[in-house]
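S.K.: my_file_19.cif is reproduced below (mmCIF, C-alpha atoms and all ligand atoms).
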```cif
data_data
#
loop_
_atom_site.label_atom_id
_atom_site.label_comp_id
_atom_site.auth_asym_id
_atom_site.auth_seq_id
_atom_site.Cartn_x
_atom_site.Cartn_y
_atom_site.Cartn_z
CA MET A 1 82.94 95.07 69.62
CA ARG A 2 85.25 94.94 66.62
CA THR A 3 85.70 97.58 63.98
CA ASP A 4 87.45 97.08 60.70
CA LEU A 5 88.95 99.32 58.12
CA PRO A 6 88.83 100.50 55.47
CA THR A 7 85.18 101.45 55.86
CA SER A 8 84.40 100.93 52.20
CA ALA A 9 86.62 100.60 49.17
CA CYS A 10 84.57 103.08 47.16
CA ALA A 11 83.54 105.59 49.84
CA PRO A 12 85.36 108.88 49.24
CA ALA A 13 88.04 109.39 51.86
CA VAL A 14 87.42 112.31 54.20
CA GLY A 15 90.10 113.14 56.72
CA ARG A 16 90.50 115.91 59.21
CA PHE A 17 92.91 117.71 61.45
CA ALA A 18 91.21 118.98 64.56
CA PRO A 19 93.43 121.20 66.70
CA SER A 20 92.32 122.82 69.93
CA PRO A 21 93.36 126.49 69.88
CA THR A 22 95.08 126.39 73.24
CA GLY A 23 98.61 126.86 71.91
CA ILE A 24 100.65 127.09 68.75
CA LEU A 25 101.06 124.07 66.51
CA HIS A 26 104.48 122.64 67.26
CA LEU A 27 106.50 120.39 65.01
CA GLY A 28 104.70 117.26 66.21
CA ASN A 29 101.26 118.76 65.54
CA LEU A 30 102.37 119.86 62.08
CA ARG A 31 103.64 116.34 61.42
CA THR A 32 100.26 114.87 62.42
CA ALA A 33 98.44 117.43 60.26
CA LEU A 34 100.63 116.54 57.30
CA ALA A 35 100.06 112.80 57.83
CA SER A 36 96.29 113.31 57.87
CA TRP A 37 96.49 115.39 54.69
CA LEU A 38 98.74 112.91 52.85
CA SER A 39 96.58 109.96 53.83
CA VAL A 40 93.42 111.35 52.23
CA LYS A 41 95.10 113.13 49.35
CA VAL A 42 96.80 109.95 48.06
CA LYS A 43 93.27 108.55 47.81
CA GLY A 44 91.96 111.67 46.09
CA GLY A 45 89.88 112.49 49.15
CA GLN A 46 88.96 115.61 51.07
CA TRP A 47 90.85 117.10 53.98
CA LEU A 48 89.03 119.20 56.55
CA VAL A 49 90.21 121.38 59.37
CA ARG A 50 88.03 121.60 62.46
CA ILE A 51 88.76 124.02 65.26
CA GLU A 52 88.04 122.22 68.52
CA ASP A 53 87.19 125.24 70.63
CA VAL A 54 84.38 123.61 72.58
CA ASP A 55 86.14 124.50 75.82
CA ARG A 56 85.43 128.24 75.81
CA HIS A 57 87.57 128.85 78.86
CA ARG A 58 90.84 127.52 77.43
CA CYS A 59 90.59 128.37 73.73
CA ARG A 60 91.69 131.61 72.07
CA VAL A 61 90.40 132.95 68.76
CA GLU A 62 93.79 134.39 67.84
CA LEU A 63 95.47 131.01 68.37
CA ALA A 64 92.95 129.40 66.02
CA GLU A 65 93.83 131.99 63.38
CA ARG A 66 97.53 131.38 63.85
CA GLN A 67 97.02 127.62 63.57
CA LEU A 68 95.13 128.05 60.30
CA GLN A 69 97.82 130.40 58.96
CA ASP A 70 100.61 128.00 59.86
CA LEU A 71 98.82 125.08 58.19
CA ALA A 72 98.20 127.19 55.09
CA ALA A 73 101.86 128.21 55.00
CA LEU A 74 102.75 124.52 54.70
CA GLY A 75 100.19 124.14 51.91
CA LEU A 76 97.53 122.48 54.06
CA VAL A 77 94.18 124.16 53.44
CA SER A 78 90.77 122.81 54.39
CA ASP A 79 88.71 121.66 51.42
CA GLN A 80 85.56 122.95 53.12
CA SER A 81 84.90 125.91 55.36
CA VAL A 82 86.48 125.42 58.75
CA LEU A 83 84.07 124.02 61.32
CA ARG A 84 84.27 125.60 64.76
CA GLN A 85 82.92 123.62 67.67
CA SER A 86 81.96 126.78 69.54
CA ALA A 87 79.17 127.25 66.97
CA ARG A 88 77.72 123.76 67.40
CA GLU A 89 76.21 123.65 70.86
CA THR A 90 72.67 122.99 69.58
CA THR A 91 73.87 119.88 67.76
CA TYR A 92 75.76 118.61 70.82
CA GLY A 93 72.63 119.19 72.92
CA GLU A 94 70.62 117.04 70.51
CA ALA A 95 73.16 114.23 70.72
CA LEU A 96 73.03 114.42 74.49
CA ALA A 97 69.22 114.16 74.34
CA THR A 98 69.50 111.06 72.13
CA LEU A 99 71.75 109.39 74.69
CA GLN A 100 69.54 110.48 77.54
CA ALA A 101 66.55 108.82 75.86
CA GLN A 102 68.58 105.59 75.84
CA GLY A 103 69.11 105.82 79.58
CA THR A 104 72.90 105.82 79.26
CA LEU A 105 73.58 109.16 80.95
CA TYR A 106 73.89 110.08 84.59
CA ALA A 107 74.58 113.18 86.60
CA CYS A 108 78.03 113.43 88.10
CA THR A 109 78.14 115.49 91.26
CA CYS A 110 81.83 115.08 91.99
CA THR A 111 83.31 118.34 93.13
CA ARG A 112 84.59 121.02 90.82
CA LYS A 113 88.11 120.27 91.95
CA ASP A 114 87.73 116.58 91.13
CA LEU A 115 86.32 117.50 87.74
CA ALA A 116 89.14 119.88 86.99
CA LEU A 117 91.56 117.04 87.63
CA MET A 118 89.62 114.38 85.80
CA ALA A 119 87.88 116.23 83.02
CA SER A 120 90.11 118.64 81.18
CA ALA A 121 90.05 117.23 77.72
CA PRO A 122 91.59 115.38 76.11
CA HIS A 123 93.76 113.32 78.40
CA GLY A 124 97.15 112.04 77.49
CA GLU A 125 98.21 108.45 78.07
CA ASP A 126 100.49 109.68 80.85
CA GLY A 127 98.10 111.73 82.97
CA LEU A 128 95.03 109.58 82.50
CA ARG A 129 93.01 108.50 85.50
CA PRO A 130 89.80 106.66 84.72
CA TYR A 131 86.63 108.04 86.26
CA PRO A 132 85.60 105.28 88.65
CA GLY A 133 81.85 105.59 88.05
CA SER A 134 81.12 106.85 91.55
CA CYS A 135 77.94 108.69 90.50
CA ARG A 136 76.37 105.94 88.37
CA GLY A 137 72.64 105.75 88.86
CA ARG A 138 72.16 109.44 89.65
CA SER A 139 69.35 110.82 87.54
CA LEU A 140 69.68 113.90 85.37
CA THR A 141 66.92 115.86 87.02
CA GLN A 142 69.14 118.90 87.41
CA ALA A 143 71.07 118.35 84.22
CA LYS A 144 71.84 122.03 83.80
CA ALA A 145 73.66 122.26 87.09
CA ASP A 146 75.40 118.90 87.00
CA ALA A 147 78.08 117.38 84.90
CA VAL A 148 76.85 114.55 82.70
CA ARG A 149 78.59 111.25 82.06
CA PHE A 150 78.01 108.34 79.70
CA HIS A 151 77.70 104.90 81.26
CA LEU A 152 80.10 102.85 79.15
CA PRO A 153 78.99 99.36 78.17
CA VAL A 154 81.08 96.56 79.62
CA GLY A 155 83.85 95.06 77.57
CA GLU A 156 86.86 95.51 75.38
CA VAL A 157 86.91 97.25 72.04
CA ALA A 158 89.19 96.30 69.17
CA TRP A 159 90.15 98.29 66.12
CA GLU A 160 92.79 98.15 63.44
CA ASP A 161 95.18 101.07 63.74
CA GLN A 162 96.96 102.02 60.51
CA VAL A 163 100.21 102.70 62.36
CA ARG A 164 100.03 100.25 65.26
CA GLY A 165 98.06 97.30 63.92
CA LEU A 166 95.34 95.55 65.90
CA GLN A 167 94.52 97.37 69.13
CA ARG A 168 92.38 96.07 71.96
CA ASP A 169 91.36 98.21 74.91
CA ASP A 170 89.03 98.20 77.85
CA PRO A 171 87.99 101.85 78.02
CA HIS A 172 87.20 101.46 81.72
CA GLN A 173 90.95 101.34 82.27
CA TYR A 174 91.58 104.60 80.43
CA THR A 175 88.84 107.20 80.53
CA GLY A 176 86.20 105.37 82.53
CA ASP A 177 82.71 106.78 81.90
CA PRO A 178 83.46 109.86 79.81
CA LEU A 179 82.27 113.30 80.70
CA LEU A 180 79.99 114.68 77.99
CA TYR A 181 78.80 117.90 79.58
CA ARG A 182 80.68 119.92 82.14
CA ARG A 183 79.35 121.74 85.08
CA ASP A 184 80.91 124.96 83.78
CA GLY A 185 78.46 124.86 80.88
CA CYS A 186 80.70 123.46 78.14
CA PHE A 187 80.06 120.29 76.22
CA ALA A 188 83.04 118.01 76.60
CA TYR A 189 85.65 116.80 74.14
CA HIS A 190 84.44 113.20 73.72
CA LEU A 191 80.92 114.21 72.75
CA ALA A 192 81.97 117.00 70.41
CA VAL A 193 84.64 114.99 68.59
CA VAL A 194 82.37 111.99 68.00
CA VAL A 195 79.39 114.08 66.89
CA ASP A 196 81.51 116.17 64.53
CA ASP A 197 83.39 113.24 62.98
CA GLY A 198 79.96 111.75 62.25
CA ALA A 199 78.43 115.00 60.96
CA GLN A 200 81.38 115.70 58.67
CA GLY A 201 81.43 112.16 57.26
CA ILE A 202 84.99 111.60 58.45
CA THR A 203 86.24 108.22 57.19
CA GLU A 204 89.67 108.37 58.82
CA VAL A 205 90.97 109.93 62.00
CA VAL A 206 94.70 110.62 62.03
CA ARG A 207 95.86 112.06 65.32
CA GLY A 208 98.61 111.99 67.89
CA ALA A 209 99.48 108.81 69.74
CA ASP A 210 98.54 110.54 73.01
CA LEU A 211 94.90 110.06 71.99
CA ARG A 212 95.16 106.34 71.29
CA CYS A 213 93.86 105.68 74.78
CA VAL A 214 90.54 107.49 74.23
CA THR A 215 89.68 105.64 71.03
CA ALA A 216 87.82 102.73 72.63
CA THR A 217 85.65 105.20 74.55
CA GLN A 218 84.86 107.10 71.37
CA LEU A 219 84.04 103.88 69.47
CA HIS A 220 81.44 103.09 72.17
CA LEU A 221 79.96 106.58 71.86
CA GLN A 222 79.79 106.30 68.08
CA ALA A 223 77.90 103.04 68.43
CA ALA A 224 75.47 104.55 70.94
CA LEU A 225 74.78 107.49 68.61
CA GLY A 226 74.40 105.26 65.55
CA LEU A 227 77.42 106.81 63.86
CA PRO A 228 79.85 104.94 61.60
CA HIS A 229 83.34 104.14 62.89
CA PRO A 230 86.13 105.90 61.03
CA ALA A 231 89.49 104.25 60.45
CA TYR A 232 92.15 105.31 62.97
CA ALA A 233 95.84 106.08 62.74
CA HIS A 234 97.70 107.23 65.83
CA VAL A 235 100.90 108.93 64.79
CA ALA A 236 103.89 108.94 67.13
CA LEU A 237 104.65 112.22 68.82
CA VAL A 238 107.87 114.02 68.04
CA ALA A 239 109.94 113.86 71.18
CA ALA A 240 112.22 116.50 72.58
CA PRO A 241 115.91 115.58 72.96
CA ASP A 242 115.38 114.56 76.56
CA GLY A 243 112.57 112.25 75.53
CA THR A 244 109.73 114.39 76.88
CA ARG A 245 106.79 115.37 74.75
CA LEU A 246 107.55 118.23 72.43
CA GLY A 247 104.47 120.22 73.38
CA LYS A 248 105.54 120.61 76.96
CA ARG A 249 109.13 121.75 77.37
CA TYR A 250 109.73 122.60 73.75
CA GLY A 251 106.25 123.88 73.06
CA ALA A 252 107.52 126.99 71.31
CA LEU A 253 109.01 125.01 68.43
CA GLY A 254 106.40 126.21 65.95
CA LEU A 255 106.56 127.26 62.34
CA GLN A 256 107.40 130.88 63.12
CA GLU A 257 110.18 129.94 65.52
CA LEU A 258 111.74 127.56 63.01
CA GLN A 259 111.57 130.23 60.31
CA ASP A 260 113.20 132.68 62.70
CA GLN A 261 116.05 130.19 62.97
CA GLY A 262 116.51 130.28 59.23
CA ILE A 263 114.66 127.12 58.33
CA ALA A 264 112.59 127.62 55.19
CA ILE A 265 109.13 126.15 54.94
CA ALA A 266 110.21 123.80 52.13
CA GLU A 267 112.94 122.46 54.44
CA MET A 268 110.45 121.89 57.23
CA VAL A 269 108.11 120.08 54.85
CA GLY A 270 111.02 117.94 53.67
CA TRP A 271 112.00 117.07 57.23
CA LEU A 272 108.42 116.23 58.17
CA GLY A 273 107.95 114.16 55.02
CA TYR A 274 111.20 112.33 55.66
CA SER A 275 110.10 111.60 59.22
CA LEU A 276 106.86 110.13 57.82
CA GLY A 277 108.76 107.79 55.51
CA CYS A 278 107.92 109.67 52.29
CA LEU A 279 111.53 110.56 51.41
CA ASP A 280 114.86 108.76 51.77
CA ARG A 281 116.45 111.95 53.01
CA PRO A 282 115.10 115.32 54.01
CA GLU A 283 115.20 117.65 51.06
CA PRO A 284 113.19 120.81 50.52
CA CYS A 285 109.91 120.19 48.79
CA SER A 286 106.22 120.95 48.83
CA VAL A 287 103.54 118.82 50.45
CA HIS A 288 102.44 117.73 46.96
CA ASP A 289 105.94 116.40 46.26
CA LEU A 290 105.50 114.01 49.21
CA LEU A 291 102.38 112.33 47.86
CA PRO A 292 104.07 109.71 45.63
CA GLY A 293 106.19 108.51 48.56
CA PHE A 294 103.44 108.32 51.17
CA SER A 295 102.20 104.97 52.43
CA TRP A 296 101.03 104.00 55.91
CA ASP A 297 103.33 100.97 55.62
CA ARG A 298 106.28 103.33 55.71
CA VAL A 299 105.12 105.59 58.55
CA PRO A 300 107.21 104.57 61.56
CA ASP A 301 105.42 103.87 64.81
CA ARG A 302 108.17 105.81 66.56
CA ALA A 303 108.77 109.42 65.67
CA PRO A 304 112.24 110.92 65.37
CA THR A 305 113.52 112.92 68.24
CA ALA A 306 113.45 116.56 67.32
CA ALA A 307 116.65 118.14 68.37
CA PRO A 308 116.52 121.56 69.97
CA LEU A 309 116.25 124.36 67.46
CA GLN A 310 119.94 124.87 66.77
CA ASP A 311 120.58 121.14 66.54
CA LEU A 312 117.61 120.82 64.28
CA VAL A 313 118.94 123.54 62.03
CA GLU A 314 122.32 121.78 61.93
CA TRP A 315 120.69 118.41 61.52
CA ILE A 316 118.80 119.58 58.46
CA GLY A 317 121.97 121.16 57.10
CA ARG A 318 123.96 117.95 57.63
CA HIS A 319 121.37 115.71 56.09
CA ALA A 320 120.19 117.84 53.24
CA GLY A 321 123.43 119.24 51.89
CA PRO A 322 125.29 122.53 51.92
CA SER A 323 122.71 124.47 49.93
CA LEU A 324 120.34 124.22 52.84
CA ARG A 325 122.58 125.58 55.56
CA PRO A 326 121.05 128.74 56.95
N1 LIG A 401 91.38 118.56 69.56
C1 LIG A 401 92.20 117.46 69.95
C2 LIG A 401 93.59 117.98 70.27
O1 LIG A 401 93.96 119.04 69.84
C3 LIG A 401 92.32 116.40 68.89
C4 LIG A 401 91.10 115.60 68.79
C5 LIG A 401 91.19 114.46 67.83
O2 LIG A 401 91.99 114.52 66.88
O3 LIG A 401 90.43 113.52 67.97
O4 LIG A 401 94.33 117.30 70.95
ZN ZN A 402 80.86 111.82 89.88
#
```
When written as structure tokens, how does the structure in this file appear?
Ligand code: GLU
Ligand code: ZN
M.R.:
Amino acid sequence: MRTDLPTSACAPAVGRFAPSPTGILHLGNLRTALASWLSVKVKGGQWLVRIEDVDRHRCRVELAERQLQDLAALGLVSDQSVLRQSARETTYGEALATLQAQGTLYACTCTRKDLALMASAPHGEDGLRPYPGSCRGRSLTQAKADAVRFHLPVGEVAWEDQVRGLQRDDPHQYTGDPLLYRRDGCFAYHLAVVVDDGAQGITEVVRGADLRCVTATQLHLQAALGLPHPAYAHVALVAAPDGTRLGKRYGALGLQELQDQGIAIAEMVGWLGYSLGCLDRPEPCSVHDLLPGFSWDRVPDRAPTAAPLQDLVEWIGRHAGPSLRP
């Protein structure tokens, strides 16, 4: 299977940022959100925010509100009302029924403990262990009680990534047969994300590089559900000074924390825009000021290392001139 982009020269671009409300948006998340916004706005398209709260046990309403506030503070506001996955279970159930009618689903009876290890969604490239397909062939007679998986077709999938160029993956090496419905009664990430991207007419998916490894799986699911393939761009994650992912050790580096350290929003936007190749140097600006300088050709496939807060404050001061020193 091979997918090409752009989908169509004249189709209106529709992009989205789809955070899960399980934490605050840190600098790397904000950078990804900005990239998704810039990419559709330079084409005159629409940008949507979708709250991926399909996992009722891990998501918090107040975190979703904070995420929306932080995005709005940067100037990133959804062009349509915000879609919340928690309100879409009927639609996910219909998609599951469509797949079931194709005979591509099976019941997974692996233990709760196994599922907790294998199924919390989405996986990162680091912690990913493919599901080995142990339960293939089990019928869905007790679908309500069992977890449900999609039997992936055999073979590699290729797509053109706007940041990384041609990608080719065998999804059996990454996710294995993806979980679509969990024994705890939640629909799973892969099903919800694919159904919603289709329902919202998303033409381009811009997301963190940690999700590159689930793309082939999602392309297979789109094909099975008769949905179009969006274009993909997997944006590098901002790394902490020690090279680890920002969300983990330095997870608290969100908009509020940076403001508390004296960094103004315009400075943050300038730094993020600079890191996305829109500016020659970080200088305070609005997201609209970044549009003329945005091009995927200039977005680096490696993100800058975000220094710890104080270093970041100093870094911005050093690079942007004395007027910006807090
Ligand atoms: N909700 C996912 C996350 O927060 C992102 C899903 C996606 O962009 O495809 O990691
Ligand atoms: Zn199983």
S.K.: Using all atoms listed in the file, which protein or nucleic acid residues are at most 9 Å from ligand ZN 402 (chain A), as a ChimeraX atom specification?
M.R.: /A:106-111,114-115,131-136,147-149
S.K.: Wanna dump the chain A-ligand LIG 401 (chain A) contacts at 10 Å for me, each residue with its shortest atom pair and the distance in Å to one decimal, counting all atoms listed in the file, ordered by chain and number, as a Markdown table?
M.R.:
```
| residue | atom | partner | partner_atom | distance |
| --- | --- | --- | --- | --- |
| A:Arg16 | CA | A:LIG401 | O2 | 7.9 |
| A:Phe17 | CA | A:LIG401 | O2 | 6.4 |
| A:Ala18 | CA | A:LIG401 | N1 | 5.0 |
| A:Pro19 | CA | A:LIG401 | O1 | 3.8 |
| A:Ser20 | CA | A:LIG401 | O1 | 4.1 |
| A:Pro21 | CA | A:LIG401 | O1 | 7.5 |
| A:Thr22 | CA | A:LIG401 | O1 | 8.2 |
| A:Gly23 | CA | A:LIG401 | O1 | 9.3 |
| A:Leu25 | CA | A:LIG401 | O1 | 9.3 |
| A:Asn29 | CA | A:LIG401 | O1 | 8.5 |
| A:Thr32 | CA | A:LIG401 | O2 | 9.4 |
| A:Ala33 | CA | A:LIG401 | O2 | 9.7 |
| A:Arg50 | CA | A:LIG401 | N1 | 8.4 |
| A:Ile51 | CA | A:LIG401 | N1 | 7.4 |
| A:Glu52 | CA | A:LIG401 | N1 | 5.1 |
| A:Asp53 | CA | A:LIG401 | N1 | 8.0 |
| A:Val54 | CA | A:LIG401 | N1 | 9.1 |
| A:Ala121 | CA | A:LIG401 | O4 | 8.0 |
| A:Pro122 | CA | A:LIG401 | O4 | 6.1 |
| A:His123 | CA | A:LIG401 | O4 | 8.5 |
| A:Gly124 | CA | A:LIG401 | O4 | 8.9 |
| A:Tyr189 | CA | A:LIG401 | N1 | 7.5 |
| A:His190 | CA | A:LIG401 | O3 | 8.3 |
| A:Ala192 | CA | A:LIG401 | C4 | 9.4 |
| A:Val193 | CA | A:LIG401 | O3 | 6.0 |
| A:Val194 | CA | A:LIG401 | O3 | 8.2 |
| A:Asp196 | CA | A:LIG401 | O3 | 9.9 |
| A:Asp197 | CA | A:LIG401 | O3 | 8.6 |
| A:Val205 | CA | A:LIG401 | O2 | 6.8 |
| A:Val206 | CA | A:LIG401 | O2 | 6.8 |
| A:Arg207 | CA | A:LIG401 | O2 | 4.8 |
| A:Gly208 | CA | A:LIG401 | O2 | 7.2 |
| A:Ala209 | CA | A:LIG401 | O2 | 9.8 |
| A:Asp210 | CA | A:LIG401 | O4 | 8.2 |
| A:Leu211 | CA | A:LIG401 | O3 | 6.9 |
| A:Arg212 | CA | A:LIG401 | O3 | 9.2 |
| A:Val214 | CA | A:LIG401 | O3 | 8.7 |
| A:Thr215 | CA | A:LIG401 | O3 | 8.5 |
| A:Gln218 | CA | A:LIG401 | O3 | 9.2 |
| A:Tyr232 | CA | A:LIG401 | O3 | 9.8 |
| A:His234 | CA | A:LIG401 | O2 | 9.3 |
```
S.K.: Between A:Arg66, A:His26, A:Arg31, A:Arg164, which residue has the minimum interatomic distance to Trp271 in chain A, considering all atoms listed in the file?
M.R.: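 So, comparing all the options, the nearest one is A:Arg31.
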S.K.: May I ask which of the residues A:Cys278, A:Gln167, A:Met268, A:Ala72 is the closest one to Asp297 in chain A, counting all atoms listed in the file?
M.R.: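 The shortest atom-to-atom distance to Asp297 in chain A comes from A:Cys278.
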S.K.: Please return, as a PDB file with C-alpha atoms, in the coordinates of the input, all polymer residues that have at least one atom within 9 Å of the point (88.9, 113.0, 49.1); use only C-alpha atoms and the file's own coordinate frame.
M.R.:
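Output file point_11.pdb is given in full below:
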```pdb
ATOM      1  CA  PRO A  12      85.360 108.880  49.240  1.00  0.00           C
ATOM      2  CA  ALA A  13      88.040 109.390  51.860  1.00  0.00           C
ATOM      3  CA  VAL A  14      87.420 112.310  54.200  1.00  0.00           C
ATOM      4  CA  GLY A  15      90.100 113.140  56.720  1.00  0.00           C
ATOM      5  CA  VAL A  40      93.420 111.350  52.230  1.00  0.00           C
ATOM      6  CA  LYS A  41      95.100 113.130  49.350  1.00  0.00           C
ATOM      7  CA  VAL A  42      96.800 109.950  48.060  1.00  0.00           C
ATOM      8  CA  LYS A  43      93.270 108.550  47.810  1.00  0.00           C
ATOM      9  CA  GLY A  44      91.960 111.670  46.090  1.00  0.00           C
ATOM     10  CA  GLY A  45      89.880 112.490  49.150  1.00  0.00           C
ATOM     11  CA  GLN A  46      88.960 115.610  51.070  1.00  0.00           C
ATOM     12  CA  TRP A  47      90.850 117.100  53.980  1.00  0.00           C
ATOM     13  CA  ASP A  79      88.710 121.660  51.420  1.00  0.00           C
TER      14      ASP A  79
END
```
S.K.: Quote the spacing between CA of Leu291 in chain A and CA of Ser39 in chain A in Å to one decimal place.
M.R.: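 So the answer is 8.7 Å.
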S.K.: When distances are computed from all atoms listed in the file, which of A:Ala11, A:Leu290, A:Leu27, A:Ala223 shows the smallest separation from Leu258 in chain A?
M.R.: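 Selected residue with least distance to Leu258 in chain A: A:Leu27.
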S.K.: Report, in Å with one decimal, the straight-line distance from CA of Ala231 in chain A to CA of Leu38 in chain A.
M.R.: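 CA of Leu38 in chain A lies 14.8 Å from CA of Ala231 in chain A.
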S.K.: For Gln69 in chain A, which residue out of A:Pro284, A:Tyr174, A:Gly155, A:Leu30 is the nearest one, using all atoms listed in the file?
M.R.: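 Checking each of A:Pro284, A:Tyr174, A:Gly155, A:Leu30 against Gln69 in chain A, counting all atoms listed in the file, the winner is A:Leu30.
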S.K.: Please compute the CA of Ala87 in chain A-CA of Tyr181 in chain A distance, one decimal, in Å.
M.R.: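 Separating CA of Ala87 in chain A from CA of Tyr181 in chain A is a distance of 15.7 Å.
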S.K.: List the spatial neighbours of Ala97 in chain A as a tab-separated table (two decimals) with C-alpha atoms, in the frame of the given file - criterion: any atom at most 12 Å away, only C-alpha atoms, same-chain residues fewer than 2 positions off excluded.
M.R.:
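Written out: out.tsv:
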```
chain	number	residue	atom	x	y	z
A	90	THR	CA	72.67	122.99	69.58
A	91	THR	CA	73.87	119.88	67.76
A	92	TYR	CA	75.76	118.61	70.82
A	93	GLY	CA	72.63	119.19	72.92
A	94	GLU	CA	70.62	117.04	70.51
A	95	ALA	CA	73.16	114.23	70.72
A	99	LEU	CA	71.75	109.39	74.69
A	100	GLN	CA	69.54	110.48	77.54
A	101	ALA	CA	66.55	108.82	75.86
A	102	GLN	CA	68.58	105.59	75.84
A	103	GLY	CA	69.11	105.82	79.58
A	104	THR	CA	72.90	105.82	79.26
A	105	LEU	CA	73.58	109.16	80.95
A	106	TYR	CA	73.89	110.08	84.59
A	140	LEU	CA	69.68	113.90	85.37
A	143	ALA	CA	71.07	118.35	84.22
A	148	VAL	CA	76.85	114.55	82.70
A	150	PHE	CA	78.01	108.34	79.70
A	180	LEU	CA	79.99	114.68	77.99
A	181	TYR	CA	78.80	117.90	79.58
A	191	LEU	CA	80.92	114.21	72.75
A	224	ALA	CA	75.47	104.55	70.94
A	225	LEU	CA	74.78	107.49	68.61
```
S.K.: Could you work out an axis-aligned bounding box for all listed atoms of range 220-223 of chain A, with 5 Å added on each of the six sides, and give its centre and edge lengths in Å to one decimal, as AutoDock Vina command-line options?
M.R.:
```
--center_x 79.7 --center_y 104.8 --center_z 70.1 --size_x 13.5 --size_y 13.5 --size_z 14.1
```
S.K.: Taking all atoms listed in the file into account, name the residue in A:Val235, A:Leu96, A:Ala35, A:Ala264 that is nearest to Ala188 in chain A.
M.R.: A:Leu96
